[in-house]
Structures are given as C-alpha cells and as structure tokens.
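Reproduced below: upload_2.tsv, with TSV, C-alpha atoms (C1' of nucleotides) and all ligand atoms.
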```
chain	number	residue	atom	x	y	z
W	15	MET	CA	10.74	-151.59	235.78
W	16	ARG	CA	10.36	-148.10	234.40
W	17	PRO	CA	9.21	-145.26	236.66
W	18	SER	CA	5.72	-146.06	235.36
W	19	ILE	CA	4.22	-142.89	234.08
W	20	THR	CA	0.80	-142.32	235.54
W	21	ALA	CA	-2.21	-140.84	233.83
W	22	ASP	CA	-1.81	-137.91	236.13
W	23	ASP	CA	1.71	-137.29	234.95
W	24	SER	CA	0.53	-137.40	231.40
W	25	THR	CA	-2.28	-134.99	232.11
W	26	LYS	CA	0.15	-132.53	233.58
W	27	ARG	CA	2.54	-132.98	230.73
W	28	ILE	CA	-0.19	-132.19	228.24
W	29	ILE	CA	-1.28	-129.12	230.12
W	30	ARG	CA	2.27	-127.90	230.40
W	31	ALA	CA	2.72	-128.38	226.68
W	32	LEU	CA	-0.33	-126.22	226.08
W	33	GLU	CA	0.88	-123.47	228.32
W	34	ARG	CA	4.40	-123.57	227.01
W	35	ALA	CA	3.03	-123.01	223.52
W	36	GLY	CA	1.06	-120.02	224.72
W	37	TYR	CA	-2.41	-121.54	224.69
W	38	GLN	CA	-4.83	-121.15	227.55
W	39	ALA	CA	-5.27	-124.22	229.68
W	40	THR	CA	-9.01	-123.81	229.87
W	41	PRO	CA	-11.25	-126.18	231.80
W	42	ASN	CA	-12.33	-127.84	228.59
W	43	ARG	CA	-8.80	-128.41	227.49
W	44	ARG	CA	-7.88	-129.72	230.90
W	45	LEU	CA	-10.75	-132.13	230.64
W	46	VAL	CA	-9.60	-133.34	227.27
W	47	ALA	CA	-6.08	-133.70	228.60
W	48	ARG	CA	-7.35	-135.83	231.44
W	49	LEU	CA	-9.43	-137.98	229.15
W	50	VAL	CA	-6.63	-138.48	226.69
W	51	ALA	CA	-4.18	-139.33	229.42
W	52	SER	CA	-6.47	-141.85	231.00
W	53	THR	CA	-6.64	-144.10	227.97
W	54	GLY	CA	-3.84	-146.56	227.56
W	55	GLY	CA	-4.29	-146.75	223.84
W	56	HIS	CA	-6.06	-145.19	220.98
W	57	PHE	CA	-9.43	-143.55	221.06
W	58	THR	CA	-11.72	-141.88	218.62
W	59	ALA	CA	-13.03	-138.36	218.80
W	60	ALA	CA	-16.51	-139.71	219.31
W	61	GLU	CA	-15.44	-141.75	222.32
W	62	LEU	CA	-13.76	-138.77	223.81
W	63	LEU	CA	-16.85	-136.67	223.29
W	64	GLU	CA	-19.02	-139.23	224.96
W	65	ARG	CA	-16.72	-139.56	227.92
W	66	GLY	CA	-16.40	-135.82	228.10
W	67	ARG	CA	-20.15	-135.37	228.20
W	68	GLN	CA	-20.33	-137.58	231.24
W	69	GLU	CA	-18.49	-134.88	233.11
W	70	ARG	CA	-19.52	-131.75	231.36
W	71	VAL	CA	-22.79	-132.13	229.54
W	72	ASN	CA	-22.46	-129.04	227.47
W	73	ILE	CA	-19.12	-129.63	225.93
W	74	GLY	CA	-19.40	-129.21	222.18
W	75	ARG	CA	-18.28	-131.58	219.55
W	76	ALA	CA	-16.27	-128.87	217.86
W	77	THR	CA	-14.43	-128.19	221.08
W	78	ILE	CA	-13.25	-131.76	221.21
W	79	PHE	CA	-12.01	-131.61	217.67
W	80	ARG	CA	-10.38	-128.26	218.28
W	81	ALA	CA	-8.60	-129.55	221.35
W	82	LEU	CA	-7.49	-132.64	219.54
W	83	ASP	CA	-6.19	-130.58	216.64
W	84	LEU	CA	-4.32	-128.43	219.05
W	85	LEU	CA	-2.77	-131.36	220.83
W	86	ALA	CA	-1.90	-132.91	217.51
W	87	SER	CA	-0.16	-129.74	216.43
W	88	LEU	CA	1.86	-129.88	219.62
W	89	ARG	CA	2.62	-133.53	218.84
W	90	VAL	CA	1.14	-134.58	222.11
W	91	VAL	CA	-1.34	-136.77	220.34
W	92	GLU	CA	-1.09	-138.28	216.92
W	93	ARG	CA	-3.71	-139.36	214.46
W	94	LEU	CA	-3.58	-142.96	213.39
W	95	ASP	CA	-5.33	-144.76	210.64
W	96	LEU	CA	-6.55	-148.10	211.79
W	97	PRO	CA	-6.42	-150.97	209.31
W	98	THR	CA	-10.19	-150.76	209.14
W	99	GLY	CA	-9.86	-147.27	207.75
W	100	ALA	CA	-11.20	-145.67	210.90
W	101	HIS	CA	-9.34	-142.77	212.40
W	102	ALA	CA	-8.12	-142.78	215.93
W	103	TYR	CA	-5.89	-140.66	218.08
W	104	VAL	CA	-3.23	-141.78	220.44
W	105	LEU	CA	-1.29	-140.06	223.19
W	106	CYS	CA	2.35	-139.83	222.42
W	107	ASP	CA	5.66	-138.38	223.34
W	108	PRO	CA	6.31	-135.11	221.52
W	109	ASP	CA	10.03	-135.17	222.12
W	110	GLU	CA	11.12	-138.06	220.03
W	111	HIS	CA	10.15	-139.34	216.64
W	112	HIS	CA	8.61	-142.74	217.01
W	113	HIS	CA	5.86	-145.03	215.78
W	114	HIS	CA	2.99	-146.97	217.28
W	115	LEU	CA	2.31	-150.61	217.75
W	116	VAL	CA	-1.33	-151.13	218.54
W	117	CYS	CA	-3.27	-154.15	219.66
W	118	SER	CA	-6.20	-154.65	217.33
W	119	THR	CA	-8.10	-156.42	220.06
W	120	CYS	CA	-7.89	-154.18	223.07
W	121	GLY	CA	-6.57	-151.01	221.48
W	122	HIS	CA	-3.57	-150.63	223.72
W	123	SER	CA	-0.66	-149.03	222.05
W	124	VAL	CA	3.03	-148.87	222.71
W	125	ASP	CA	5.56	-146.46	221.32
W	126	VAL	CA	8.21	-147.92	219.11
W	127	ALA	CA	11.49	-146.13	218.55
W	128	ASP	CA	12.31	-145.41	214.96
W	129	GLY	CA	15.66	-147.13	215.28
W	130	GLU	CA	17.05	-148.49	212.08
W	131	LEU	CA	14.05	-147.33	210.13
W	132	ALA	CA	15.52	-143.90	209.60
W	133	ARG	CA	18.46	-145.40	207.78
W	134	LEU	CA	16.19	-147.62	205.73
W	135	VAL	CA	13.98	-144.73	204.75
W	136	ASP	CA	16.97	-142.72	203.79
W	137	GLU	CA	18.25	-145.43	201.55
W	138	ILE	CA	14.88	-145.91	199.90
W	139	GLY	CA	14.75	-142.24	199.11
W	140	ARG	CA	18.20	-142.22	197.69
W	141	ARG	CA	17.52	-145.18	195.48
W	142	ALA	CA	14.27	-143.76	194.19
W	143	GLY	CA	15.62	-140.28	193.73
W	144	TYR	CA	13.04	-138.82	196.08
W	145	ARG	CA	13.63	-136.38	198.84
W	146	ILE	CA	11.67	-138.02	201.61
W	147	ASP	CA	10.01	-135.56	203.95
W	148	ALA	CA	7.83	-137.75	206.05
W	149	HIS	CA	7.08	-141.33	206.71
W	150	ARG	CA	4.48	-143.15	208.62
W	151	LEU	CA	4.80	-146.60	210.07
W	152	GLU	CA	2.00	-148.27	211.92
W	153	LEU	CA	2.10	-151.75	213.36
W	154	PHE	CA	-0.94	-153.79	214.24
W	155	GLY	CA	-1.19	-157.00	216.12
W	156	MET	CA	-2.19	-158.59	219.33
W	157	CYS	CA	-0.65	-157.87	222.67
W	158	SER	CA	0.45	-160.66	224.94
W	159	ALA	CA	-2.45	-160.08	227.34
W	160	CYS	CA	-5.02	-160.49	224.61
W	161	ALA	CA	-3.16	-163.44	223.16
W	162	SER	CA	-3.16	-165.37	226.40
W	163	GLU	CA	-6.77	-164.46	227.05
W	164	GLN	CA	-7.70	-165.77	223.66
W	165	ALA	CA	-5.80	-168.98	224.31
W	166	ALA	CA	-7.63	-169.48	227.60
W	167	VAL	CA	-11.10	-168.89	226.21
W	168	PRO	CA	-11.07	-170.22	222.71
W	169	GLY	CA	-14.01	-168.91	220.79
W	170	PRO	CA	-16.60	-171.30	219.40
W	171	GLY	CA	-15.32	-173.12	216.36
W	172	SER	CA	-11.63	-173.24	217.13
W	173	PRO	CA	-11.30	-176.77	218.55
W	174	ALA	CA	-14.19	-178.25	216.57
G	6	MET	CA	15.73	-149.92	181.57
G	7	ARG	CA	12.81	-151.98	182.69
G	8	PRO	CA	10.29	-153.24	180.12
G	9	SER	CA	8.27	-150.14	180.99
G	10	ILE	CA	4.80	-151.31	181.82
G	11	THR	CA	2.19	-149.39	179.89
G	12	ALA	CA	-1.19	-148.28	181.13
G	13	ASP	CA	-2.63	-150.75	178.68
G	14	ASP	CA	-0.76	-153.61	180.27
G	15	SER	CA	-1.99	-152.56	183.66
G	16	THR	CA	-5.55	-152.36	182.42
G	17	LYS	CA	-5.35	-155.88	181.11
G	18	ARG	CA	-3.73	-157.11	184.25
G	19	ILE	CA	-6.54	-155.66	186.32
G	20	ILE	CA	-9.19	-157.17	184.12
G	21	ARG	CA	-7.50	-160.54	184.20
G	22	ALA	CA	-7.35	-160.34	187.99
G	23	LEU	CA	-11.09	-159.74	188.07
G	24	GLU	CA	-11.84	-162.66	185.83
G	25	ARG	CA	-9.46	-165.00	187.56
G	26	ALA	CA	-11.29	-164.26	190.81
G	27	GLY	CA	-14.61	-165.09	189.20
G	28	TYR	CA	-16.00	-161.59	188.88
G	29	GLN	CA	-17.58	-160.30	185.72
G	30	ALA	CA	-15.48	-157.89	183.75
G	31	THR	CA	-18.37	-155.58	183.04
G	32	PRO	CA	-18.03	-152.41	181.00
G	33	ASN	CA	-18.09	-150.31	184.14
G	34	ARG	CA	-15.35	-152.32	185.73
G	35	ARG	CA	-13.32	-152.17	182.56
G	36	LEU	CA	-13.72	-148.45	182.58
G	37	VAL	CA	-12.53	-148.23	186.16
G	38	ALA	CA	-9.62	-150.48	185.31
G	39	ARG	CA	-8.63	-148.18	182.48
G	40	LEU	CA	-8.93	-145.10	184.62
G	41	VAL	CA	-6.95	-146.60	187.45
G	42	ALA	CA	-4.25	-147.82	185.11
G	43	SER	CA	-3.91	-144.48	183.43
G	44	THR	CA	-2.89	-142.63	186.54
G	45	GLY	CA	0.74	-142.84	187.49
G	46	GLY	CA	0.04	-142.20	191.10
G	47	HIS	CA	-2.67	-141.94	193.61
G	48	PHE	CA	-6.18	-140.76	192.98
G	49	THR	CA	-9.30	-140.28	195.02
G	50	ALA	CA	-12.64	-141.90	194.45
G	51	ALA	CA	-14.08	-138.52	193.57
G	52	GLU	CA	-11.51	-137.92	190.88
G	53	LEU	CA	-12.18	-141.30	189.40
G	54	LEU	CA	-15.88	-140.62	189.39
G	55	GLU	CA	-15.41	-137.35	187.62
G	56	ARG	CA	-13.15	-138.84	185.01
G	57	GLY	CA	-15.52	-141.75	184.62
G	58	ARG	CA	-18.44	-139.47	184.01
G	59	GLN	CA	-16.62	-137.88	181.13
G	60	GLU	CA	-16.92	-141.17	179.34
G	61	ARG	CA	-20.08	-142.63	180.71
G	62	VAL	CA	-22.36	-140.01	182.11
G	63	ASN	CA	-24.56	-142.34	184.03
G	64	ILE	CA	-22.00	-144.20	186.02
G	65	GLY	CA	-23.02	-144.17	189.66
G	66	ARG	CA	-20.93	-143.12	192.58
G	67	ALA	CA	-21.63	-146.39	194.32
G	68	THR	CA	-20.35	-148.29	191.32
G	69	ILE	CA	-17.02	-146.55	191.58
G	70	PHE	CA	-16.76	-147.38	195.25
G	71	ARG	CA	-17.82	-150.95	194.63
G	72	ALA	CA	-15.26	-151.38	191.90
G	73	LEU	CA	-12.58	-149.86	194.04
G	74	ASP	CA	-13.49	-152.13	196.94
G	75	LEU	CA	-13.34	-155.08	194.65
G	76	LEU	CA	-9.96	-154.13	193.29
G	77	ALA	CA	-8.72	-153.48	196.79
G	78	SER	CA	-9.86	-156.92	197.89
G	79	LEU	CA	-7.87	-158.36	195.00
G	80	ARG	CA	-4.95	-156.22	196.09
G	81	VAL	CA	-4.78	-154.59	192.73
G	82	VAL	CA	-5.27	-151.21	194.30
G	83	GLU	CA	-4.51	-150.16	197.82
G	84	ARG	CA	-5.93	-147.46	199.98
G	85	LEU	CA	-3.48	-144.92	201.27
G	86	ASP	CA	-3.84	-142.28	203.88
G	87	LEU	CA	-2.21	-139.10	202.80
G	88	PRO	CA	-0.47	-137.03	205.45
G	89	THR	CA	-3.31	-134.56	205.15
G	90	GLY	CA	-5.69	-137.25	206.35
G	91	ALA	CA	-7.34	-137.60	202.96
G	92	HIS	CA	-7.85	-141.05	201.53
G	93	ALA	CA	-6.48	-142.01	198.19
G	94	TYR	CA	-6.09	-145.18	196.21
G	95	VAL	CA	-3.10	-146.32	194.27
G	96	LEU	CA	-2.56	-149.02	191.68
G	97	CYS	CA	-0.27	-151.69	192.89
G	98	ASP	CA	1.18	-155.09	192.36
G	99	PRO	CA	-0.89	-157.80	194.03
G	100	ASP	CA	1.87	-160.37	193.95
G	101	GLU	CA	4.33	-158.99	196.36
G	102	HIS	CA	4.09	-157.21	199.68
G	103	HIS	CA	5.44	-153.73	199.30
G	104	HIS	CA	4.93	-150.12	200.28
G	105	HIS	CA	4.45	-146.82	198.54
G	106	LEU	CA	6.58	-143.78	198.18
G	107	VAL	CA	4.49	-140.92	196.96
G	108	CYS	CA	5.38	-137.46	195.77
G	109	SER	CA	3.39	-134.93	197.70
G	110	THR	CA	3.64	-132.48	194.85
G	111	CYS	CA	2.58	-134.38	191.76
G	112	GLY	CA	1.08	-137.47	193.34
G	113	HIS	CA	3.24	-139.96	191.52
G	114	SER	CA	3.96	-143.05	193.47
G	115	VAL	CA	6.52	-145.78	193.26
G	116	ASP	CA	6.43	-149.18	194.84
G	117	VAL	CA	9.04	-149.89	197.46
G	118	ALA	CA	10.03	-153.40	198.34
G	119	ASP	CA	9.65	-154.32	201.97
G	120	GLY	CA	13.25	-155.45	202.17
G	121	GLU	CA	14.76	-155.26	205.58
G	122	LEU	CA	11.59	-153.89	207.07
G	123	ALA	CA	10.15	-157.35	207.58
G	124	ARG	CA	13.04	-158.23	209.85
G	125	LEU	CA	12.72	-154.97	211.71
G	126	VAL	CA	9.01	-155.43	212.24
G	127	ASP	CA	9.58	-158.91	213.45
G	128	GLU	CA	12.10	-157.77	215.96
G	129	ILE	CA	9.86	-154.98	217.21
G	130	GLY	CA	7.09	-157.46	217.78
G	131	ARG	CA	9.33	-159.83	219.63
G	132	ARG	CA	10.63	-157.13	221.88
G	133	ALA	CA	7.18	-155.80	222.69
G	134	GLY	CA	5.64	-159.22	223.12
G	135	TYR	CA	3.12	-158.58	220.39
G	136	ARG	CA	2.17	-160.87	217.58
G	137	ILE	CA	2.27	-158.44	214.68
G	138	ASP	CA	-0.30	-159.16	212.02
G	139	ALA	CA	-0.03	-156.16	209.80
G	140	HIS	CA	2.02	-153.13	209.24
G	141	ARG	CA	1.74	-150.11	207.11
G	142	LEU	CA	4.56	-147.95	205.91
G	143	GLU	CA	3.99	-144.91	203.79
G	144	LEU	CA	6.67	-142.59	202.57
G	145	PHE	CA	6.08	-139.04	201.41
G	146	GLY	CA	8.38	-136.67	199.69
G	147	MET	CA	9.21	-135.04	196.43
G	148	CYS	CA	10.21	-136.82	193.27
G	149	SER	CA	13.23	-135.71	191.31
G	150	ALA	CA	11.09	-134.24	188.54
G	151	CYS	CA	9.22	-132.00	190.95
G	152	ALA	CA	12.42	-131.13	192.75
G	153	SER	CA	14.17	-129.92	189.61
G	154	GLU	CA	11.09	-128.08	188.48
G	155	GLN	CA	10.93	-126.34	191.80
G	156	ALA	CA	14.61	-125.44	191.55
G	157	ALA	CA	14.08	-123.97	188.09
G	158	VAL	CA	11.06	-121.88	189.04
G	159	PRO	CA	11.62	-120.81	192.61
G	160	GLY	CA	8.44	-119.58	194.09
G	161	PRO	CA	8.16	-116.00	195.34
G	162	GLY	CA	9.90	-115.55	198.61
G	163	SER	CA	12.61	-118.18	198.36
G	164	PRO	CA	15.55	-116.04	197.25
G	165	ALA	CA	14.50	-112.97	199.18
Z	2	DC	C1'	-37.42	-168.10	171.56
Z	3	DG	C1'	-39.13	-167.02	176.36
Z	4	DG	C1'	-38.49	-167.24	181.13
Z	5	DC	C1'	-35.50	-167.33	185.30
Z	6	DG	C1'	-32.05	-166.19	188.79
Z	7	DG	C1'	-28.18	-163.89	190.38
Z	8	DG	C1'	-24.99	-160.47	189.98
Z	9	DA	C1'	-24.31	-155.52	188.62
Z	10	DT	C1'	-26.07	-150.97	188.51
Z	11	DG	C1'	-27.97	-146.19	189.56
Z	12	DA	C1'	-30.57	-143.21	192.44
Z	13	DT	C1'	-31.01	-141.96	196.64
Z	14	DA	C1'	-31.15	-141.88	201.52
Z	15	DC	C1'	-28.26	-142.28	205.08
Z	16	DC	C1'	-24.23	-142.13	208.31
Z	17	DA	C1'	-19.86	-140.69	210.44
Z	18	DG	C1'	-15.95	-137.91	210.78
Z	19	DG	C1'	-14.67	-133.52	210.46
Z	20	DT	C1'	-14.99	-128.36	209.34
Z	21	DC	C1'	-17.13	-123.68	209.28
Z	22	DT	C1'	-19.86	-119.96	210.93
Z	23	DC	C1'	-21.47	-117.08	214.14
Z	24	DA	C1'	-23.24	-115.31	218.18
Z	25	DT	C1'	-22.05	-115.65	222.89
Z	26	DC	C1'	-19.03	-116.10	226.64
Z	27	DC	C1'	-15.03	-115.81	229.48
Z	28	DG	C1'	-10.58	-114.73	231.32
Z	29	DC	C1'	-7.09	-111.57	231.39
Z	30	DC	C1'	-5.23	-106.94	231.27
Z	31	DG	C1'	-5.25	-102.23	232.02
B	9	DC	C1'	-14.98	-101.70	235.90
B	10	DG	C1'	-14.52	-101.85	230.64
B	11	DG	C1'	-12.62	-103.83	226.63
B	12	DC	C1'	-10.64	-107.32	223.80
B	13	DG	C1'	-9.12	-111.52	221.82
B	14	DG	C1'	-9.44	-116.14	222.39
B	15	DA	C1'	-12.51	-120.09	223.57
B	16	DT	C1'	-16.94	-122.12	223.23
B	17	DG	C1'	-21.54	-124.37	221.81
B	18	DA	C1'	-25.06	-125.02	218.51
B	19	DG	C1'	-25.90	-126.27	214.39
B	20	DA	C1'	-25.33	-126.04	209.34
B	21	DC	C1'	-22.50	-127.95	206.12
B	22	DC	C1'	-19.22	-130.92	203.44
B	23	DT	C1'	-17.15	-135.23	202.15
B	24	DG	C1'	-16.04	-139.98	201.91
B	25	DG	C1'	-18.30	-143.99	202.20
B	26	DT	C1'	-22.30	-147.42	203.01
B	27	DA	C1'	-27.06	-149.37	202.78
B	28	DT	C1'	-31.25	-149.95	200.41
B	29	DC	C1'	-33.99	-151.02	196.72
B	30	DA	C1'	-35.89	-151.31	192.37
B	31	DT	C1'	-34.22	-152.08	187.90
B	32	DC	C1'	-31.33	-154.05	184.56
B	33	DC	C1'	-28.50	-157.23	182.24
B	34	DC	C1'	-26.46	-161.51	181.21
B	35	DG	C1'	-25.85	-166.33	180.95
B	36	DC	C1'	-28.44	-170.38	181.20
B	37	DC	C1'	-32.06	-173.69	180.78
B	38	DG	C1'	-36.14	-175.62	178.83
A	1	ZN	ZN	-4.54	-156.25	223.51
A	2	ZN	ZN	10.06	-143.12	211.80
A	3	ZN	ZN	6.47	-135.29	191.87
A	4	ZN	ZN	6.02	-154.25	204.65
```
Please lay out the structure from this file as structure tokens.
Ligand SMILES: [Zn+2]
Ligand SMILES: [Zn+2]
Ligand SMILES: [Zn+2]
Ligand SMILES: [Zn+2]
Amino acid sequence: MRPSITADDSTKRIIRALERAGYQATPNRRLVARLVASTGGHFTAAELLERGRQERVNIGRATIFRALDLLASLRVVERLDLPTGAHAYVLCDPDEHHHHLVCSTCGHSVDVADGELARLVDEIGRRAGYRIDAHRLELFGMCSACASEQAAVPGPGSPA
Amino acid sequence: MRPSITADDSTKRIIRALERAGYQATPNRRLVARLVASTGGHFTAAELLERGRQERVNIGRATIFRALDLLASLRVVERLDLPTGAHAYVLCDPDEHHHHLVCSTCGHSVDVADGELARLVDEIGRRAGYRIDAHRLELFGMCSACASEQAAVPGPGSPA
DNA sequence: CGGCGGGATGATACCAGGTCTCATCCGCCG
DNA sequence: CGGCGGATGAGACCTGGTATCATCCCGCCG
C-alpha cells in the first residue's frame, strides 16, 4: 500500500505552500487548511464555514472564500462543478496536472492522472485548428464502498 | 465542405424536438429557439434575456430559464462551466454524446466527438474501482480566426 | 358559442454562492 | 514602542437561478 498520506500531512503541506508563496500562515488560514485536509472528498464553501464556526465562532464568510481563493491560486485546492451544477472544492496535488473522479454518493474523490488525455486533447486541437489552453475533465460515479453498501441495503422498490 | 447547417435549420430542429417531446411550441419558446440557434457559440441566460427583450419586451426572466431548462432536458442545449466559473449554455446535438471546444476569445464553440475518451474513462473507472456514470470534458482555447486576428493586431506590450 | 382545465407566462419574492467595501485589527519590522 | 501593510469580520451588494402565485392562453368538450 501507499505511504498513506494523513490529514495532518496534508495540513502541513498546505501551510507550507502558503508560506512558500509568501503569504502569512495566519490562524484562520491554518484552520482552513486543517478543515480542507480533513475531508476525503469535495466540500462546499458553506460546509467549510459551518465547520469552521464550530471552532472559531467569529470567522467570517469572506475569510473562508478568501482562503479558498488563495489555496486555489496555489493549486492546492481546485474548484469543481458537480453534475448538479453546484460548486465544490477539492483538495489536490499542486505538483502534477490531473483530474478528479468523485463519488456522487459519498463525495469521496480520487485523483486521476491525465495520462493519454493530453495526447487526445492535443489531437483534438490540431484537428479543429484551435490552440487549446486548458481543459477540464471531471468524472462522476459511485465508489466501490458505496456500491457494495447499496447492494447490501437495497432501497425500497428495487426488488419489488 | 459539410452541408453547412444554418441557424434556420437549427431553429427548426429545436422546435421539432420540443414538439416531438410533447411540449407546446409557444411563441416564447420559438423565440428562444431562434435566439439560441443564431449564436455560434455559448451564451448566458442574461444575454439571451436581453436579446429576447429586444423583440418581445415583456418576456420574463423565468420564461428564459424555463425554456433553457426544457431545452437542456431535451439535450438540445447544454450547460457549460467556463474556466472563469461563469455558467453558459451552448447549442448542441442531442443525438450523440460529445464535448465542446470553446474559444475563450470569441466564444465560438465546436462539438468534439468523444472518440477514444470513452475507452479511457472506462479504464480509469476500472482501475479506481468506481462505476462511472458521467463525465464532463471541456476544452478551452483560441480558434484560428482569433489567433490570426491577434497576430495581425498585436496588443500593446507584445513586441516590446 | 361558452365554459373548463392544464400548461405557459410574467412579476416578484426569494435563495445561495460569491464579491466588495470599509473600518478595525494584528503581526512583523525597525 | 510606533508604524505599516496585510488579514479580518460585518454586512451590503450582485448575479444566477428557483419558487410562488395570479393571470393568461389554448385546445377541447358540450
Ligand atoms: Zn462513495
Ligand atoms: Zn488533463
Ligand atoms: Zn475565437
Ligand atoms: Zn464523453
């Protein structure tokens, strides 16, 4: 198995990224880092705010958004658009271009290497005569945990 | 060259799609169909509303959203998330799964066949142990027209 | 022709996500 | 200690979208 990155590691990584970029690692930002790192999947700004307020009542909504913007600009988190149209954020690795596969049921998300996609994108651009600057790929589905759970407890209506 | 689909064709196609699905092709919806068909790329609901009001002053905002929802449910238009985070809609072909390549400069958009992506997505799902239900790929760049225009009129600052 | 019922519409209130403003605050430096 | 720029919180504001509701329109039936 992989070295299994803990939430603590992630928190530190986020804080280091802040400092490396010359931003203050203020208590609020540390809090956000901790909160972000402790979710295994995506989260919304509102969720983060609510969780944040459990620890620090006076944290402002704007502060959350500012921290999230900052982290997004450092590529430590990324904004995703859920199929529902809602916006969410997800922790991710700033060092390598990749995409996200998220479970629509439990929200967990795994990073997916770009792999062959780069080639594909390139070819598409060439064929269409576009210079492609950016692409976004998002994958939605159900993780194995949720799938087996669903199989074990079939909701009303499935087996007549 | 391809038979070059006109805006008029698209308008009719949209209206036929409405009728086939059992919805009334009311004057408002026809108007929306015409507006949608007459853009070569993406557009926002607000733009559509503004253009609509030039022809029919009293058309309501909700009507535009309702029409757009309807067309989206028929897969005649699709919602896109621009890299800026803004939402836009784009006319598209309901008959075949595909993606969009949009020019960030002029907004024009071309359909891109899924092609090898399906295989790739499948493989990703298998490897991660997810059942993948949906995926979204969006490509952003600059079309050849905008690129040559930019080359002809270099903005201040480019060539020192 | 007159009445009916359901879908479509417009006005408007409302909501959520996100941004802006501004006065205050804080941490760091000298 | 004093000063300064960045960080913060409160709250107004903006925007995309939804919900509500009374009205309207259209096709249909008697
Ligand atoms: Zn899951
Ligand atoms: Zn990629
Ligand atoms: Zn262009
Ligand atoms: Zn596809």
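Interatomic distance, CA of Thr16 (chain G) against CA of Arg39 (chain G): 5.2 Å.
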Expected selection as a PDB file with C-alpha atoms, in the frame of the given file for ligand ZN 2 (chain A) within 9 Å, only C-alpha atoms (C1' of nucleotides) and all ligand atoms:
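The result, written out as out.pdb:
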```pdb
ATOM      1  CA  HIS W 111      10.150-139.340 216.640  1.00  0.00           C
ATOM      2  CA  HIS W 112       8.610-142.740 217.010  1.00  0.00           C
ATOM      3  CA  HIS W 113       5.860-145.030 215.780  1.00  0.00           C
ATOM      4  CA  VAL W 126       8.210-147.920 219.110  1.00  0.00           C
ATOM      5  CA  ALA W 127      11.490-146.130 218.550  1.00  0.00           C
ATOM      6  CA  ASP W 128      12.310-145.410 214.960  1.00  0.00           C
ATOM      7  CA  GLY W 129      15.660-147.130 215.280  1.00  0.00           C
ATOM      8  CA  GLU W 130      17.050-148.490 212.080  1.00  0.00           C
ATOM      9  CA  LEU W 131      14.050-147.330 210.130  1.00  0.00           C
ATOM     10  CA  ALA W 132      15.520-143.900 209.600  1.00  0.00           C
ATOM     11  CA  VAL W 135      13.980-144.730 204.750  1.00  0.00           C
ATOM     12  CA  ALA W 148       7.830-137.750 206.050  1.00  0.00           C
ATOM     13  CA  HIS W 149       7.080-141.330 206.710  1.00  0.00           C
ATOM     14  CA  ARG W 150       4.480-143.150 208.620  1.00  0.00           C
ATOM     15  CA  LEU W 151       4.800-146.600 210.070  1.00  0.00           C
TER      16      LEU W 151
END
```
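Distance cut-off 12 Å, centre (-34.2, -153.9, 189.6), atoms counted all atoms listed in the file; the residues meeting this are Z:DG7, Z:DG8, Z:DA9, Z:DT10, Z:DG11, Z:DA12, B:DT28, B:DC29, B:DA30, B:DT31, B:DC32, B:DC33.
Between CA of Arg145 (chain W) and CA of Thr110 (chain G) lies a distance of 11.4 Å.
Distances here use only C-alpha atoms and all ligand atoms; by that measure, the residue among G:Leu53, G:Ile20, G:Cys151, G:Ala133 closest to ligand ZN 1 (chain A) is G:Ala133.
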Kindly indicate which residue among G:Arg71, G:Arg21, G:His47, G:Arg56 lies nearest to chain Z, using all atoms listed in the file for the distances. G:Arg71
Give me, as a VMD selection string, the set of residues whose atoms come within 12 Å of any atom of ligand ZN 1 (chain A), counting all atoms listed in the file. (chain W and resid 54 to 56 115 to 124 154 to 164) or (chain G and resid 133 to 137)
Distance cut-off 12 Å, counting all atoms listed in the file - which residues of chain G neighbour chain B? Return them as a PyMOL selection string. chain G and resi 29-32+49-51+66-71+73-74+90-93
For C-alpha atoms, I'd like the residues from the last selection saved as a PDB file, in the frame of the given file.
```pdb
ATOM      1  CA  GLN G  29     -17.580-160.300 185.720  1.00  0.00           C
ATOM      2  CA  ALA G  30     -15.480-157.890 183.750  1.00  0.00           C
ATOM      3  CA  THR G  31     -18.370-155.580 183.040  1.00  0.00           C
ATOM      4  CA  PRO G  32     -18.030-152.410 181.000  1.00  0.00           C
ATOM      5  CA  THR G  49      -9.300-140.280 195.020  1.00  0.00           C
ATOM      6  CA  ALA G  50     -12.640-141.900 194.450  1.00  0.00           C
ATOM      7  CA  ALA G  51     -14.080-138.520 193.570  1.00  0.00           C
ATOM      8  CA  ARG G  66     -20.930-143.120 192.580  1.00  0.00           C
ATOM      9  CA  ALA G  67     -21.630-146.390 194.320  1.00  0.00           C
ATOM     10  CA  THR G  68     -20.350-148.290 191.320  1.00  0.00           C
ATOM     11  CA  ILE G  69     -17.020-146.550 191.580  1.00  0.00           C
ATOM     12  CA  PHE G  70     -16.760-147.380 195.250  1.00  0.00           C
ATOM     13  CA  ARG G  71     -17.820-150.950 194.630  1.00  0.00           C
ATOM     14  CA  LEU G  73     -12.580-149.860 194.040  1.00  0.00           C
ATOM     15  CA  ASP G  74     -13.490-152.130 196.940  1.00  0.00           C
ATOM     16  CA  GLY G  90      -5.690-137.250 206.350  1.00  0.00           C
ATOM     17  CA  ALA G  91      -7.340-137.600 202.960  1.00  0.00           C
ATOM     18  CA  HIS G  92      -7.850-141.050 201.530  1.00  0.00           C
ATOM     19  CA  ALA G  93      -6.480-142.010 198.190  1.00  0.00           C
TER      20      ALA G  93
END
```
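Each of W:Leu96, W:Glu152, W:Asp125, W:Ala165 was checked against ligand ZN 4 (chain A) using only C-alpha atoms and all ligand atoms; the smallest atom-to-atom distance is that of W:Glu152.
Across the model, the gap from CA of Ile10 (chain G) to CA of Arg35 (chain G) is 18.2 Å.
Residues of protein, DNA and RNA with at least one atom no farther than 10 Å from (-6.8, -156.4, 184.0) are, using all atoms listed in the file, Asp13, Asp14, Ser15, Thr16, Lys17, Arg18, Ile19, Ile20, Arg21, Ala22, Leu23, Glu24, Arg25, Ala30, Arg34, Arg35, Ala38, Arg39, Ala42 and Val81 of chain G.
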Have a look at G:Glu55, G:Glu101, G:Glu60, G:Asp86 and name the one nearest to chain W; count only C-alpha atoms. G:Asp86
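Proximity of G:Arg132, G:Arg124, G:Gly57, G:Val37 to ligand ZN 4 (chain A), computed with all atoms listed in the file, is greatest for G:Arg124.
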Test item: axis-aligned box, all listed atoms of region 15-27 of chain Z, 5 Å on each side, centre and edges in Å rounded to one decimal, as AutoDock Vina command-line options:
```
--center_x -21.5 --center_y -128.8 --center_z 217.3 --size_x 23.6 --size_y 37.0 --size_z 34.4
```
